[in-house]
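Worksheet for the structure shown next.
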Amino acid sequence: MPELERHSFDVLVIGAGGAGLRAAIEAREHGLRTAVLCKSLFGKAHTVMAEGGIAAAMGNVNSSDSWQVHFRDTMRGGKFLNNWRMAELHAQEAPQRVWELETYGALFDRTKDGRISQRNFGGHEYPRLAHVGDRTGLELIRTLQQKIVSLQQEDFKEFGDYEERLRVFQEFTVTDLVKDGDRIAGAFGYWRESGRFVLFEAPAVILATGGIGKSFKVTSNSWEYTGDGHALAMRAGASLINMEFIQFHPTGMVWPPSVKGILVTESVRGDGGVLRNSDGKRFMFDYIPEVFKDKYADNEEEGDRWYTDQANNRRPPELLPRDEVARAINSEVKAGRGSPHGGVFLDVSTRLPAEEIRKRLPSMHHQFKELADVDITAQPMEVGPTCHYVMGGVEVDPDTGSSSVAGLYAAGEVSGGMHGSNRLGGNSLSDLLVFGRRAGAGAAEYVRAMTDRPTVSEDIVTEARATALKPFQTEGGENPYTLHMELQQSMNDLVGIIRRQGEMEEALQRLEKLKERAQSLTVEGHQQFNPGWHLALDLRNMLLVSECVAKAALLRTESRGGHTRDDHPVMDAEWRRKLLVCNVDGDGVSVEEKPQIPIRHDLLDLFDRAELEKYLTAEELS
Amino acid sequence: MSYQGKFRVWRGDDSGGALEDFTVEVNEGEVVLDIIHRLQATQAPDLAVRWNCKAGKCGSCSAEINGRPRLLCMTRMSTFTEGETITVTPMRTFPIIRDLVTDVSFNYTKAREVPSFAPPKDLAPGEYRMQQVDVERSQEFRKCIECFLCQNTCHVVRDHEENKEAFSGPRFLMRVAELEMHPLDTADRVDQAQEEHGLGLCNITKCCSEVCPEHIHITDNALIPMKERVADRKYDPIVWLGNKLFKR
Ligand SMILES: Cc1cc2nc3c(=O)[nH]c(=O)nc-3n(C[C@H](O)[C@H](O)[C@H](O)COP(=O)(O)OP(=O)(O)OC[C@H]3O[C@@H](n4cnc5c(N)ncnc54)[C@H](O)[C@@H]3O)c2cc1C
Ligand code: SF4
Ligand code: SF4
Ligand code: FES
């Protein structure tokens with residue numbers, strides 16, 4: 001057996017998206033030796049794909065905006081299931097985190113008076129999303145990447161080594177977290193390039209691994225989204241909450257087949273784009289739910305006026321929260337009023353001059369032209385729902401990002417609670433920065449306060465290695481690609497956007513069988529850059545996480561946000577008070593109910609009583 | 001609408017390799033990366049390729065298709081005829097790791113050598129004021145997805161390993177230009193570009209701009225203006241002093 005590569009750090013950050021990089025910057029600025037580990041190249045994490053913007057109540061475009069309004073919008077969007085403390089911290093701190101990016105070198109689009117411009121987005125009462133055209137995620141990740149480089153340059157000046165206190169290990173996959181008793185002691189994984197194993201010893205680990213979308217067939221997510229962090233946390237003894245809530249973004253590309261699922265940014269609608277069915281009708285006016293009736297226009301004229309006069313008009317229903325729009329599209333298609341390739345039409349070509357479209361939506365223009373031969377300045381796009389974001393994730397302490405396992409932290413999409421049952425657009429990028437920073441600080445404090453460091457036993461390492469190598473030892477087993485396709489199909493069809501008891505039960509049966517088959521996967525070739533092997537290892541995580549989604553979804557007998565039950569179509573105030581908590585149980589998952597923490601009174605006072613009555617039980621209101 | 005397409009894919013590692021022939025199904029609307037994935041799923045499970053977003057946003061899937069530097073995920077199969085054999089090879093300028101995957105660490109090293117953004121010390125976060133027209137120039141360069149296709153194409157390093165030390169390549173010369181044109185950057189970057197990053201080696205052939213999938217005008221908007229600033233400074237000490245004093 002080749003010698004095991006070993007490294008030792010104070011803080012290990014798994015993930016190099018917005019959350020991971022911001023956490024790493026914070027830990028390093030606290031003076032700790034920090035490593036960042038990521039599966040793809042540095043600067044290419046999923047965050048790079050974010051388009052529309054980052055939500056922060058800076059009030060640059062409409063000075064009536066404030067953290068309180070942002071907090072309200074976030075709670076409404078999440079149908080009040082959100083962890084209110086997270087929503088509060090998020091709304092309060094997002095502006096500082098955005099301004100801080102400017103000091104790192106970010107160049108956002110500007111208002112006339114030279115401030116950061118802000119755009120409209122679904123569910124946000126005021127123009128709130130700081131943006132750079134429709135490539136905001138690229139700006140965010142490049143800016144953080146460059147800040148990391150600048151910290152490395154400081155270290156170079158001081159120590160003659162760029163990597164003295166902050167080092168990035170790219171194209172590296174973590175397969176297991178390592179513990180010493182009850183505490184985190186590090187992580188184990190392999191270089192994707194060489195397949196060689198590495199042990200990282202570190203008293204604190206921050207998970208920032210993003211989402212789980214690759215368990216679904218139609219998704220806007222990339223191969224990285226195999227739910228690794230979710231699974232790593234569970235196997236280390238932490239629990240996940242809200243796993244039944246998956247956001248299906250209403251507008252993914254539907255044609256050609258090979259790009260099905262790729263995102264069409266919500267900015268298209270924020271900037272005036274409208275949804276039409278095959279009869280040419282703006283159908284969203286038919287789908288305004290009771291709870292939102294006073295906020296959304298019920299006729300086209302008012303909706304159109306809103307773009308220029310927001311004080312005197314209600315917003316168009318195309319800008320309802322994502323879950324509402326996705327369900328509406330689904331219903332139109334089912335009713336036979338869909339577009340030729342099974343979506344609906346999204347049109348900006350009749351709404352804005354061609355020049356303006358190219359300027360405001362350059363990458364959408366490019367994407368449709370290159371991939372679908374559609375010129376969005378002249379033709380409508382065809383769009384349909386796509387699996388986009390997981391609201392559920394590691395249950396954390398809002399202030400420090402700490403999980404229930406000592407030394408284990410989580411931030412970004414892998415954490416749960418902040419967005420409740422449905423995330424508003426733009427609230428993820430801000431979430432990454434606010435809670436990335438907090439987790440970095442939380443982990444730093446933890447390490448500082450520690451008197452004795454955890455150690456790693458050799459047995460654990462041997463076991464982790466054996467697990468990772470198993471697919472090479474099995475002969476005549478199954479092809480991981482086949483299994484993956486079956487998993488994606490099952491989740492898509494049976495635990496997708498509209499759910500039913502029978503179907504979810506069937507999904508669980510299929511998952512059991514898949515789990516069994518996954519015991520005997522076979523991969524060909526060797527350990528060096530072997531995508532078949534990588535997939536075989538990722539499957540273990542996808543299966544565990546999919547089981548959480550299906551089990552929690554089966555238990556929650558109501559419809560709320562990113563969880564829609566055909567057999568329980570209404571929202572139930574009693575269910576708002578309950579969280580579903582997933583834990584590892586044997587080789588499967590157990591799900592338990594846990595009471596939601598009551599919302600603090602001064603925060604409740606930010607809402608009208610009439611609105612609260614739509615969400616809270618009489619007992620809570622008294 | 002489906003057909004059997006002919007492909008030649010380079011397979012091997014740093015010790016050598018060769019083109020391997022494949023016949024594989026091609027469907028309507030697909031891109032070259034779809035075909036590579038189909039090869040992985042059906043014929044060559046250990047075929048190594050880098051990719052991530054599959055939407056032209058992350059710059060991971062750079063390779064050469066029929067000898068032309070391209071993103072695999074943004075090259076549509078419909079741009080080829082059905083009978084044509086399509087050859088896919090790794091980027092040539094960087095060392096091979098395996099199959100289509102190359103070692104691009106050269107670029108990360110160069111990135112680290114460009115001094116970072118130097119903001120004015122007296123401005124607090126939230127106080128930055130910049131006009132849209134003034135940020136637009138640098139914003140064009142910040143569209144860069146770091147696919148490194150320009151770095152791969154530039155003849156200064158493509159056929160001259162020995163230049164790699166002195167030359168940062170179009171991507172990072174453009175980064176210097178981006179900072180130079182940032183309305184609030186306080187550092188002086190003109191001499192640096194020439195002396196530390198090898199701007200003088202660029203002879204404005206524009207090959208880099210031609211392959212840029214983001215259609216950034218690297219040569220016209222970044223490299224030539226930087227060269228002009230270098231030239232001005234060389235010949236006109238007053239301009240040089242003026243630039244320094246009135247920057248911002
Ligand atoms: C197309 C698209 C558009 C979007 N647009 C917006 C938007 O406009 N506004 C908004 O707010 N949100 C948007 N979102 C959502 C938002 O981009 C994501 O939720 C967010 O970027 C997640 O960031 P993260 O830091 O949590 O993780 P990511 O950026 O996904 O990073 C995860 C990191 O973890 C690493 N990793 C994962 N597993 C392992 C492992 N086992 N070992 C080592 N490393 C690992 C990965 O390599 C990666 O570096 C969009 C999402 C998509 C898909
Ligand atoms: S213009 Fe300059 S940088 Fe670009 S390819 Fe030509 S020589 Fe290289
Ligand atoms: S400038 Fe263009 S070609 Fe060069 S790395 Fe950036 S995106 Fe790629
Ligand atoms: S996979 Fe991201 S650019 Fe091709």
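In the structure tokens, the first chain shown is A, the next is B, and so on; residue numbers restart at 1 for each chain, and ligands run from 1 in the order shown.
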Spatial neighbours of segment 55-60 of chain B, 7 Å, only C-alpha atoms, chain gap at least 3 places, as number ranges by chain: A: 44, 48-49; B: 50-52, 73-74, 145-147
Test item: residues no farther than 6 Å from ligand 1, counting only C-alpha atoms and all ligand atoms, as a PyMOL selection string: chain A and resi 14-20+37-40+45-47+49-54+172-175+208-210+220-221+224+228-229+263+388+412-414+425-429+432
I need the chosen residues saved as a CSV table (one decimal), in the first residue's frame, with N, CA and C atoms.
chain,number,residue,atom,x,y,z
A,14,ILE,N,-14.6,22.4,3.4
A,14,ILE,CA,-14.9,21.5,2.3
A,14,ILE,C,-15.8,22.3,1.4
A,15,GLY,N,-15.3,22.7,0.3
A,15,GLY,CA,-16.1,23.4,-0.7
A,15,GLY,C,-15.5,24.8,-1.0
A,16,ALA,N,-15.5,25.1,-2.3
A,16,ALA,CA,-14.9,26.4,-2.7
A,16,ALA,C,-15.9,27.2,-3.4
A,17,GLY,N,-17.2,27.1,-3.1
A,17,GLY,CA,-18.2,28.1,-3.6
A,17,GLY,C,-18.2,29.3,-2.7
A,18,GLY,N,-19.2,30.1,-2.9
A,18,GLY,CA,-19.3,31.3,-2.1
A,18,GLY,C,-19.2,31.1,-0.6
A,19,ALA,N,-19.9,30.1,-0.1
A,19,ALA,CA,-19.9,29.9,1.4
A,19,ALA,C,-18.5,29.4,1.8
A,20,GLY,N,-17.9,28.5,1.1
A,20,GLY,CA,-16.6,28.0,1.5
A,20,GLY,C,-15.5,29.0,1.5
A,37,LEU,N,-10.8,22.6,0.4
A,37,LEU,CA,-10.8,21.5,-0.5
A,37,LEU,C,-12.0,21.5,-1.4
A,38,CYS,N,-11.8,21.2,-2.7
A,38,CYS,CA,-12.9,21.3,-3.6
A,38,CYS,C,-12.7,20.3,-4.8
A,39,LYS,N,-13.9,19.8,-5.3
A,39,LYS,CA,-13.9,18.8,-6.3
A,39,LYS,C,-13.4,19.2,-7.7
A,40,SER,N,-13.8,20.5,-8.0
A,40,SER,CA,-13.4,21.0,-9.3
A,40,SER,C,-12.2,21.9,-9.2
A,45,ALA,N,-16.5,26.4,-8.8
A,45,ALA,CA,-17.6,25.8,-8.1
A,45,ALA,C,-19.0,26.3,-8.6
A,46,HIS,N,-20.0,25.6,-8.2
A,46,HIS,CA,-21.3,25.8,-8.6
A,46,HIS,C,-21.8,27.3,-8.6
A,47,THR,N,-21.3,28.0,-7.5
A,47,THR,CA,-21.7,29.4,-7.4
A,47,THR,C,-21.4,30.2,-8.7
A,49,MET,N,-22.3,29.7,-11.4
A,49,MET,CA,-23.4,29.7,-12.4
A,49,MET,C,-24.5,30.6,-12.0
A,50,ALA,N,-24.5,31.1,-10.8
A,50,ALA,CA,-25.6,32.0,-10.3
A,50,ALA,C,-25.7,33.2,-11.3
A,51,GLU,N,-26.9,33.6,-11.6
A,51,GLU,CA,-27.0,34.6,-12.6
A,51,GLU,C,-27.6,35.9,-12.1
A,52,GLY,N,-28.8,35.8,-11.5
A,52,GLY,CA,-29.6,37.0,-11.3
A,52,GLY,C,-29.0,38.1,-10.3
A,53,GLY,N,-28.5,37.6,-9.2
A,53,GLY,CA,-28.0,38.6,-8.3
A,53,GLY,C,-28.0,38.2,-6.8
A,54,ILE,N,-27.6,39.1,-6.0
A,54,ILE,CA,-27.5,38.9,-4.6
A,54,ILE,C,-28.3,39.8,-3.8
A,172,PHE,N,-10.1,17.6,-5.5
A,172,PHE,CA,-9.9,16.7,-4.4
A,172,PHE,C,-11.3,16.4,-3.8
A,173,THR,N,-11.6,15.1,-3.6
A,173,THR,CA,-12.9,14.7,-3.1
A,173,THR,C,-12.8,14.1,-1.7
A,174,VAL,N,-13.6,14.7,-0.8
A,174,VAL,CA,-13.6,14.1,0.6
A,174,VAL,C,-14.6,13.0,0.6
A,175,THR,N,-14.3,11.8,1.1
A,175,THR,CA,-15.2,10.7,1.1
A,175,THR,C,-15.7,10.4,2.6
A,208,ALA,N,-19.2,23.1,3.2
A,208,ALA,CA,-19.8,24.2,2.3
A,208,ALA,C,-19.9,23.6,0.9
A,209,THR,N,-20.5,22.4,0.9
A,209,THR,CA,-20.5,21.5,-0.3
A,209,THR,C,-21.7,21.7,-1.3
A,210,GLY,N,-22.6,22.7,-1.0
A,210,GLY,CA,-23.7,22.9,-1.9
A,210,GLY,C,-24.8,21.9,-1.8
A,220,SER,N,-30.9,22.0,-12.8
A,220,SER,CA,-30.0,23.1,-13.3
A,220,SER,C,-28.6,22.9,-12.6
A,221,ASN,N,-28.5,21.8,-11.8
A,221,ASN,CA,-27.2,21.6,-11.1
A,221,ASN,C,-26.2,20.8,-11.8
A,224,GLU,N,-21.3,18.3,-9.5
A,224,GLU,CA,-20.8,18.4,-8.2
A,224,GLU,C,-21.9,18.2,-7.1
A,228,ASP,N,-22.8,15.5,-1.1
A,228,ASP,CA,-21.7,14.9,-0.3
A,228,ASP,C,-21.8,15.4,1.1
A,229,GLY,N,-21.9,16.8,1.2
A,229,GLY,CA,-21.8,17.4,2.5
A,229,GLY,C,-23.0,16.9,3.4
A,263,LEU,N,-30.6,26.4,-16.5
A,263,LEU,CA,-31.4,27.5,-15.9
A,263,LEU,C,-31.6,28.7,-16.9
A,388,HIS,N,-33.6,22.7,-8.7
A,388,HIS,CA,-32.7,23.8,-8.6
A,388,HIS,C,-32.0,24.0,-7.3
A,412,GLY,N,-24.0,27.7,3.7
A,412,GLY,CA,-24.4,27.7,2.3
A,412,GLY,C,-25.5,26.7,2.1
A,413,GLU,N,-25.6,26.3,0.8
A,413,GLU,CA,-26.7,25.4,0.5
A,413,GLU,C,-26.8,24.1,1.3
A,414,VAL,N,-25.7,23.7,1.8
A,414,VAL,CA,-25.6,22.4,2.6
A,414,VAL,C,-26.3,22.6,3.9
A,425,GLY,N,-35.3,34.0,-4.8
A,425,GLY,CA,-34.1,34.2,-5.6
A,425,GLY,C,-33.2,35.3,-5.0
A,426,GLY,N,-31.9,35.1,-5.2
A,426,GLY,CA,-31.0,36.1,-4.7
A,426,GLY,C,-30.6,36.0,-3.2
A,427,ASN,N,-31.5,35.2,-2.5
A,427,ASN,CA,-31.2,35.0,-1.1
A,427,ASN,C,-30.1,33.9,-0.8
A,428,SER,N,-29.7,33.2,-1.9
A,428,SER,CA,-28.7,32.2,-1.6
A,428,SER,C,-27.3,32.9,-1.6
A,429,LEU,N,-27.0,33.7,-2.6
A,429,LEU,CA,-25.7,34.3,-2.6
A,429,LEU,C,-25.4,35.1,-1.3
A,432,LEU,N,-24.7,32.7,1.5
A,432,LEU,CA,-23.4,32.2,1.5
A,432,LEU,C,-22.4,33.1,2.2
At most 8 Å to chain B: residues in chain A, only C-alpha atoms, as a VMD selection string: chain A and resid 40 to 41 43 to 46 48 to 49 96 99 to 100 102 to 105 107 109 to 115 135 138 to 139 146 to 147 149 to 150 153 193 221 to 224 255 to 259 262 367 370 to 372 481 523 to 526 529 to 532
Selection within 12 Å of ligand 3 by only C-alpha atoms and all ligand atoms, output as a PyMOL selection string: (chain A and resi 43+138+142) or (chain B and resi 56-63+69-71+104+107-108+111+140-154+168-175+177-178+206-219+221-223)
Shell of 12 Å around Leu240 of chain A, only C-alpha atoms, local chain residues under 2 positions omitted, as a PyMOL selection string: chain A and resi 227+229-238+242-245+390-396+403-404+410+414-417+544-545+547-549+552+579-584+589-594
Selection export as a short mmCIF file (atom, residue, chain, number, x, y, z; two decimals), in the first residue's frame, atoms kept: N, CA and C atoms:
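As a result, selection_34.cif now contains:
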data_model
loop_
_atom_site.label_atom_id
_atom_site.label_comp_id
_atom_site.auth_asym_id
_atom_site.auth_seq_id
_atom_site.Cartn_x
_atom_site.Cartn_y
_atom_site.Cartn_z
N GLY A 227 -24.79 15.85 -3.10
CA GLY A 227 -25.17 15.80 -1.69
C GLY A 227 -24.09 15.27 -0.76
N GLY A 229 -21.87 16.75 1.22
CA GLY A 229 -21.80 17.37 2.54
C GLY A 229 -22.96 16.93 3.42
N HIS A 230 -24.15 16.83 2.80
CA HIS A 230 -25.31 16.36 3.54
C HIS A 230 -25.03 14.97 4.10
N ALA A 231 -24.49 14.11 3.26
CA ALA A 231 -24.25 12.73 3.66
C ALA A 231 -23.08 12.63 4.65
N LEU A 232 -22.04 13.41 4.41
CA LEU A 232 -20.89 13.39 5.33
C LEU A 232 -21.34 13.79 6.73
N ALA A 233 -22.16 14.84 6.80
CA ALA A 233 -22.63 15.33 8.10
C ALA A 233 -23.44 14.24 8.81
N MET A 234 -24.34 13.61 8.05
CA MET A 234 -25.18 12.58 8.67
C MET A 234 -24.34 11.42 9.19
N ARG A 235 -23.41 10.98 8.35
CA ARG A 235 -22.61 9.84 8.77
C ARG A 235 -21.73 10.19 9.96
N ALA A 236 -21.44 11.48 10.13
CA ALA A 236 -20.65 11.89 11.30
C ALA A 236 -21.52 12.12 12.52
N GLY A 237 -22.84 11.95 12.36
CA GLY A 237 -23.72 12.05 13.52
C GLY A 237 -24.53 13.33 13.60
N ALA A 238 -24.41 14.22 12.63
CA ALA A 238 -25.22 15.44 12.64
C ALA A 238 -26.57 15.15 11.99
N ASN A 242 -35.60 19.79 7.17
CA ASN A 242 -36.29 20.36 6.00
C ASN A 242 -35.95 19.67 4.68
N MET A 243 -35.57 18.40 4.72
CA MET A 243 -35.13 17.75 3.48
C MET A 243 -36.26 17.52 2.48
N GLU A 244 -37.51 17.63 2.93
CA GLU A 244 -38.62 17.46 1.98
C GLU A 244 -38.78 18.66 1.05
N PHE A 245 -38.11 19.76 1.36
CA PHE A 245 -38.32 20.97 0.57
C PHE A 245 -37.25 21.15 -0.51
N VAL A 390 -31.86 22.90 -2.84
CA VAL A 390 -32.43 22.17 -1.72
C VAL A 390 -32.47 23.09 -0.50
N MET A 391 -33.68 23.29 0.01
CA MET A 391 -33.81 24.14 1.20
C MET A 391 -33.27 23.41 2.42
N GLY A 392 -33.40 22.08 2.41
CA GLY A 392 -33.00 21.30 3.57
C GLY A 392 -31.49 21.16 3.68
N GLY A 393 -31.04 20.86 4.89
CA GLY A 393 -29.61 20.68 5.07
C GLY A 393 -29.26 20.50 6.52
N VAL A 394 -27.98 20.64 6.81
CA VAL A 394 -27.49 20.39 8.15
C VAL A 394 -28.12 21.39 9.13
N GLU A 395 -28.61 20.86 10.23
CA GLU A 395 -29.20 21.72 11.25
C GLU A 395 -28.05 22.41 11.99
N VAL A 396 -28.08 23.74 11.98
CA VAL A 396 -26.96 24.49 12.57
C VAL A 396 -27.44 25.52 13.57
N SER A 403 -22.86 22.59 13.90
CA SER A 403 -23.83 21.49 13.90
C SER A 403 -23.88 20.90 15.31
N SER A 404 -24.61 19.80 15.46
CA SER A 404 -24.67 19.20 16.79
C SER A 404 -23.40 18.41 17.11
N ALA A 410 -21.43 24.08 9.20
CA ALA A 410 -21.95 24.04 7.83
C ALA A 410 -22.46 25.42 7.44
N VAL A 414 -25.65 23.67 1.79
CA VAL A 414 -25.64 22.42 2.55
C VAL A 414 -26.27 22.59 3.93
N SER A 415 -26.44 23.82 4.38
CA SER A 415 -27.08 24.00 5.68
C SER A 415 -28.58 24.18 5.49
N GLY A 416 -29.34 23.98 6.57
CA GLY A 416 -30.80 24.06 6.46
C GLY A 416 -31.38 25.08 7.41
N GLY A 417 -32.59 25.52 7.12
CA GLY A 417 -33.29 26.39 8.06
C GLY A 417 -33.54 27.79 7.56
N LEU A 544 -28.28 8.08 0.09
CA LEU A 544 -28.63 8.44 1.47
C LEU A 544 -29.50 9.70 1.50
N VAL A 545 -29.08 10.68 0.74
CA VAL A 545 -29.81 11.95 0.73
C VAL A 545 -31.19 11.79 0.10
N GLU A 547 -33.01 9.23 0.18
CA GLU A 547 -33.87 8.58 1.16
C GLU A 547 -34.43 9.60 2.16
N CYS A 548 -33.59 10.55 2.55
CA CYS A 548 -34.07 11.62 3.44
C CYS A 548 -35.21 12.37 2.78
N VAL A 549 -35.01 12.76 1.52
CA VAL A 549 -36.03 13.55 0.82
C VAL A 549 -37.34 12.76 0.75
N ALA A 552 -38.99 12.14 4.39
CA ALA A 552 -39.55 13.35 4.98
C ALA A 552 -40.78 13.80 4.20
N LEU A 579 -40.61 20.57 12.58
CA LEU A 579 -39.51 20.31 11.67
C LEU A 579 -39.37 18.80 11.54
N LEU A 580 -39.01 18.34 10.37
CA LEU A 580 -38.69 16.92 10.23
C LEU A 580 -37.17 16.78 10.22
N VAL A 581 -36.69 15.95 11.13
CA VAL A 581 -35.25 15.83 11.35
C VAL A 581 -34.78 14.45 10.89
N CYS A 582 -33.79 14.40 10.01
CA CYS A 582 -33.27 13.11 9.50
C CYS A 582 -31.95 12.76 10.17
N ASN A 583 -31.86 11.49 10.57
CA ASN A 583 -30.61 10.97 11.12
C ASN A 583 -30.28 9.63 10.49
N VAL A 584 -29.00 9.27 10.52
CA VAL A 584 -28.63 7.95 10.04
C VAL A 584 -29.11 6.92 11.04
N VAL A 589 -32.17 5.67 7.00
CA VAL A 589 -32.45 6.99 7.55
C VAL A 589 -33.68 6.92 8.44
N SER A 590 -33.64 7.58 9.59
CA SER A 590 -34.85 7.73 10.37
C SER A 590 -35.25 9.19 10.40
N VAL A 591 -36.57 9.44 10.39
CA VAL A 591 -37.05 10.82 10.38
C VAL A 591 -37.93 11.04 11.59
N GLU A 592 -37.65 12.12 12.32
CA GLU A 592 -38.45 12.41 13.51
C GLU A 592 -38.97 13.83 13.47
N GLU A 593 -40.13 14.01 14.13
CA GLU A 593 -40.68 15.36 14.26
C GLU A 593 -40.01 16.07 15.41
N LYS A 594 -39.83 17.37 15.23
CA LYS A 594 -39.26 18.16 16.31
C LYS A 594 -39.98 19.50 16.30
#
Neighbour list for Ile357 of chain A as a VMD selection string, cut-off 12 Å, only C-alpha atoms, skip fewer than 3 positions in-chain: chain A and resid 133 to 134 267 to 269 271 to 273 347 to 354 360 to 366 375 to 379
Go ahead and save the picked residues with N, CA and C atoms, as an mmCIF file, in the first residue's frame.
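And here is the file that came out, result_17.cif:
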data_model
loop_
_atom_site.group_PDB
_atom_site.id
_atom_site.type_symbol
_atom_site.label_atom_id
_atom_site.label_comp_id
_atom_site.auth_asym_id
_atom_site.auth_seq_id
_atom_site.Cartn_x
_atom_site.Cartn_y
_atom_site.Cartn_z
ATOM 1 N N GLY A 133 -24.918 42.298 -14.712
ATOM 2 C CA GLY A 133 -25.653 41.710 -15.827
ATOM 3 C C GLY A 133 -26.352 40.469 -15.325
ATOM 4 N N ASP A 134 -26.176 39.350 -16.021
ATOM 5 C CA ASP A 134 -26.716 38.098 -15.500
ATOM 6 C C ASP A 134 -25.590 37.106 -15.230
ATOM 7 N N SER A 267 -34.232 36.826 -13.687
ATOM 8 C CA SER A 267 -34.116 38.229 -14.114
ATOM 9 C C SER A 267 -34.898 38.481 -15.391
ATOM 10 N N VAL A 268 -35.087 37.445 -16.205
ATOM 11 C CA VAL A 268 -35.859 37.634 -17.425
ATOM 12 C C VAL A 268 -37.240 38.165 -17.059
ATOM 13 N N ARG A 269 -37.812 37.592 -16.010
ATOM 14 C CA ARG A 269 -39.122 38.074 -15.563
ATOM 15 C C ARG A 269 -38.982 39.375 -14.778
ATOM 16 N N ASP A 271 -37.023 41.692 -15.277
ATOM 17 C CA ASP A 271 -36.819 42.793 -16.208
ATOM 18 C C ASP A 271 -37.971 42.945 -17.196
ATOM 19 N N GLY A 272 -39.062 42.216 -17.002
ATOM 20 C CA GLY A 272 -40.243 42.464 -17.832
ATOM 21 C C GLY A 272 -40.754 41.268 -18.616
ATOM 22 N N GLY A 273 -40.024 40.166 -18.632
ATOM 23 C CA GLY A 273 -40.461 38.992 -19.386
ATOM 24 C C GLY A 273 -41.773 38.428 -18.848
ATOM 25 N N ASP A 347 -41.381 35.155 -22.712
ATOM 26 C CA ASP A 347 -41.094 36.100 -23.778
ATOM 27 C C ASP A 347 -40.603 37.439 -23.249
ATOM 28 N N VAL A 348 -39.455 37.877 -23.688
ATOM 29 C CA VAL A 348 -39.058 39.267 -23.456
ATOM 30 C C VAL A 348 -38.985 40.021 -24.768
ATOM 31 N N SER A 349 -39.023 39.281 -25.888
ATOM 32 C CA SER A 349 -38.780 39.916 -27.187
ATOM 33 C C SER A 349 -39.816 40.996 -27.492
ATOM 34 N N THR A 350 -41.046 40.829 -27.004
ATOM 35 C CA THR A 350 -42.073 41.838 -27.261
ATOM 36 C C THR A 350 -42.134 42.866 -26.142
ATOM 37 N N ARG A 351 -41.237 42.732 -25.170
ATOM 38 C CA ARG A 351 -41.343 43.578 -23.986
ATOM 39 C C ARG A 351 -40.223 44.608 -23.872
ATOM 40 N N LEU A 352 -39.081 44.290 -24.442
ATOM 41 C CA LEU A 352 -37.945 45.207 -24.351
ATOM 42 C C LEU A 352 -37.295 45.312 -25.728
ATOM 43 N N PRO A 353 -36.682 46.454 -26.038
ATOM 44 C CA PRO A 353 -35.950 46.568 -27.304
ATOM 45 C C PRO A 353 -34.778 45.578 -27.326
ATOM 46 N N ALA A 354 -34.445 45.099 -28.516
ATOM 47 C CA ALA A 354 -33.405 44.076 -28.660
ATOM 48 C C ALA A 354 -32.096 44.507 -27.989
ATOM 49 N N ARG A 360 -28.996 43.689 -20.807
ATOM 50 C CA ARG A 360 -29.376 43.245 -19.465
ATOM 51 C C ARG A 360 -29.246 41.746 -19.280
ATOM 52 N N LEU A 361 -29.390 41.000 -20.360
ATOM 53 C CA LEU A 361 -29.399 39.540 -20.245
ATOM 54 C C LEU A 361 -28.405 38.899 -21.211
ATOM 55 N N PRO A 362 -27.160 39.351 -21.171
ATOM 56 C CA PRO A 362 -26.201 38.875 -22.172
ATOM 57 C C PRO A 362 -26.004 37.361 -22.165
ATOM 58 N N SER A 363 -25.907 36.768 -20.983
ATOM 59 C CA SER A 363 -25.589 35.342 -21.034
ATOM 60 C C SER A 363 -26.811 34.506 -21.404
ATOM 61 N N MET A 364 -28.020 34.993 -21.126
ATOM 62 C CA MET A 364 -29.216 34.271 -21.615
ATOM 63 C C MET A 364 -29.283 34.339 -23.138
ATOM 64 N N HIS A 365 -28.977 35.512 -23.653
ATOM 65 C CA HIS A 365 -28.974 35.709 -25.103
ATOM 66 C C HIS A 365 -28.010 34.722 -25.755
ATOM 67 N N HIS A 366 -26.809 34.674 -25.195
ATOM 68 C CA HIS A 366 -25.740 33.802 -25.655
ATOM 69 C C HIS A 366 -26.147 32.326 -25.529
ATOM 70 N N ASP A 375 -33.182 33.134 -30.893
ATOM 71 C CA ASP A 375 -32.766 34.507 -30.638
ATOM 72 C C ASP A 375 -33.805 35.157 -29.715
ATOM 73 N N ILE A 376 -33.452 35.322 -28.459
ATOM 74 C CA ILE A 376 -34.460 35.773 -27.484
ATOM 75 C C ILE A 376 -34.876 37.233 -27.684
ATOM 76 N N THR A 377 -34.180 37.950 -28.550
ATOM 77 C CA THR A 377 -34.621 39.316 -28.835
ATOM 78 C C THR A 377 -35.724 39.310 -29.892
ATOM 79 N N ALA A 378 -35.952 38.146 -30.511
ATOM 80 C CA ALA A 378 -36.952 38.073 -31.579
ATOM 81 C C ALA A 378 -38.002 36.999 -31.331
ATOM 82 N N GLN A 379 -37.680 36.005 -30.490
ATOM 83 C CA GLN A 379 -38.589 34.874 -30.301
ATOM 84 C C GLN A 379 -38.778 34.607 -28.812
#
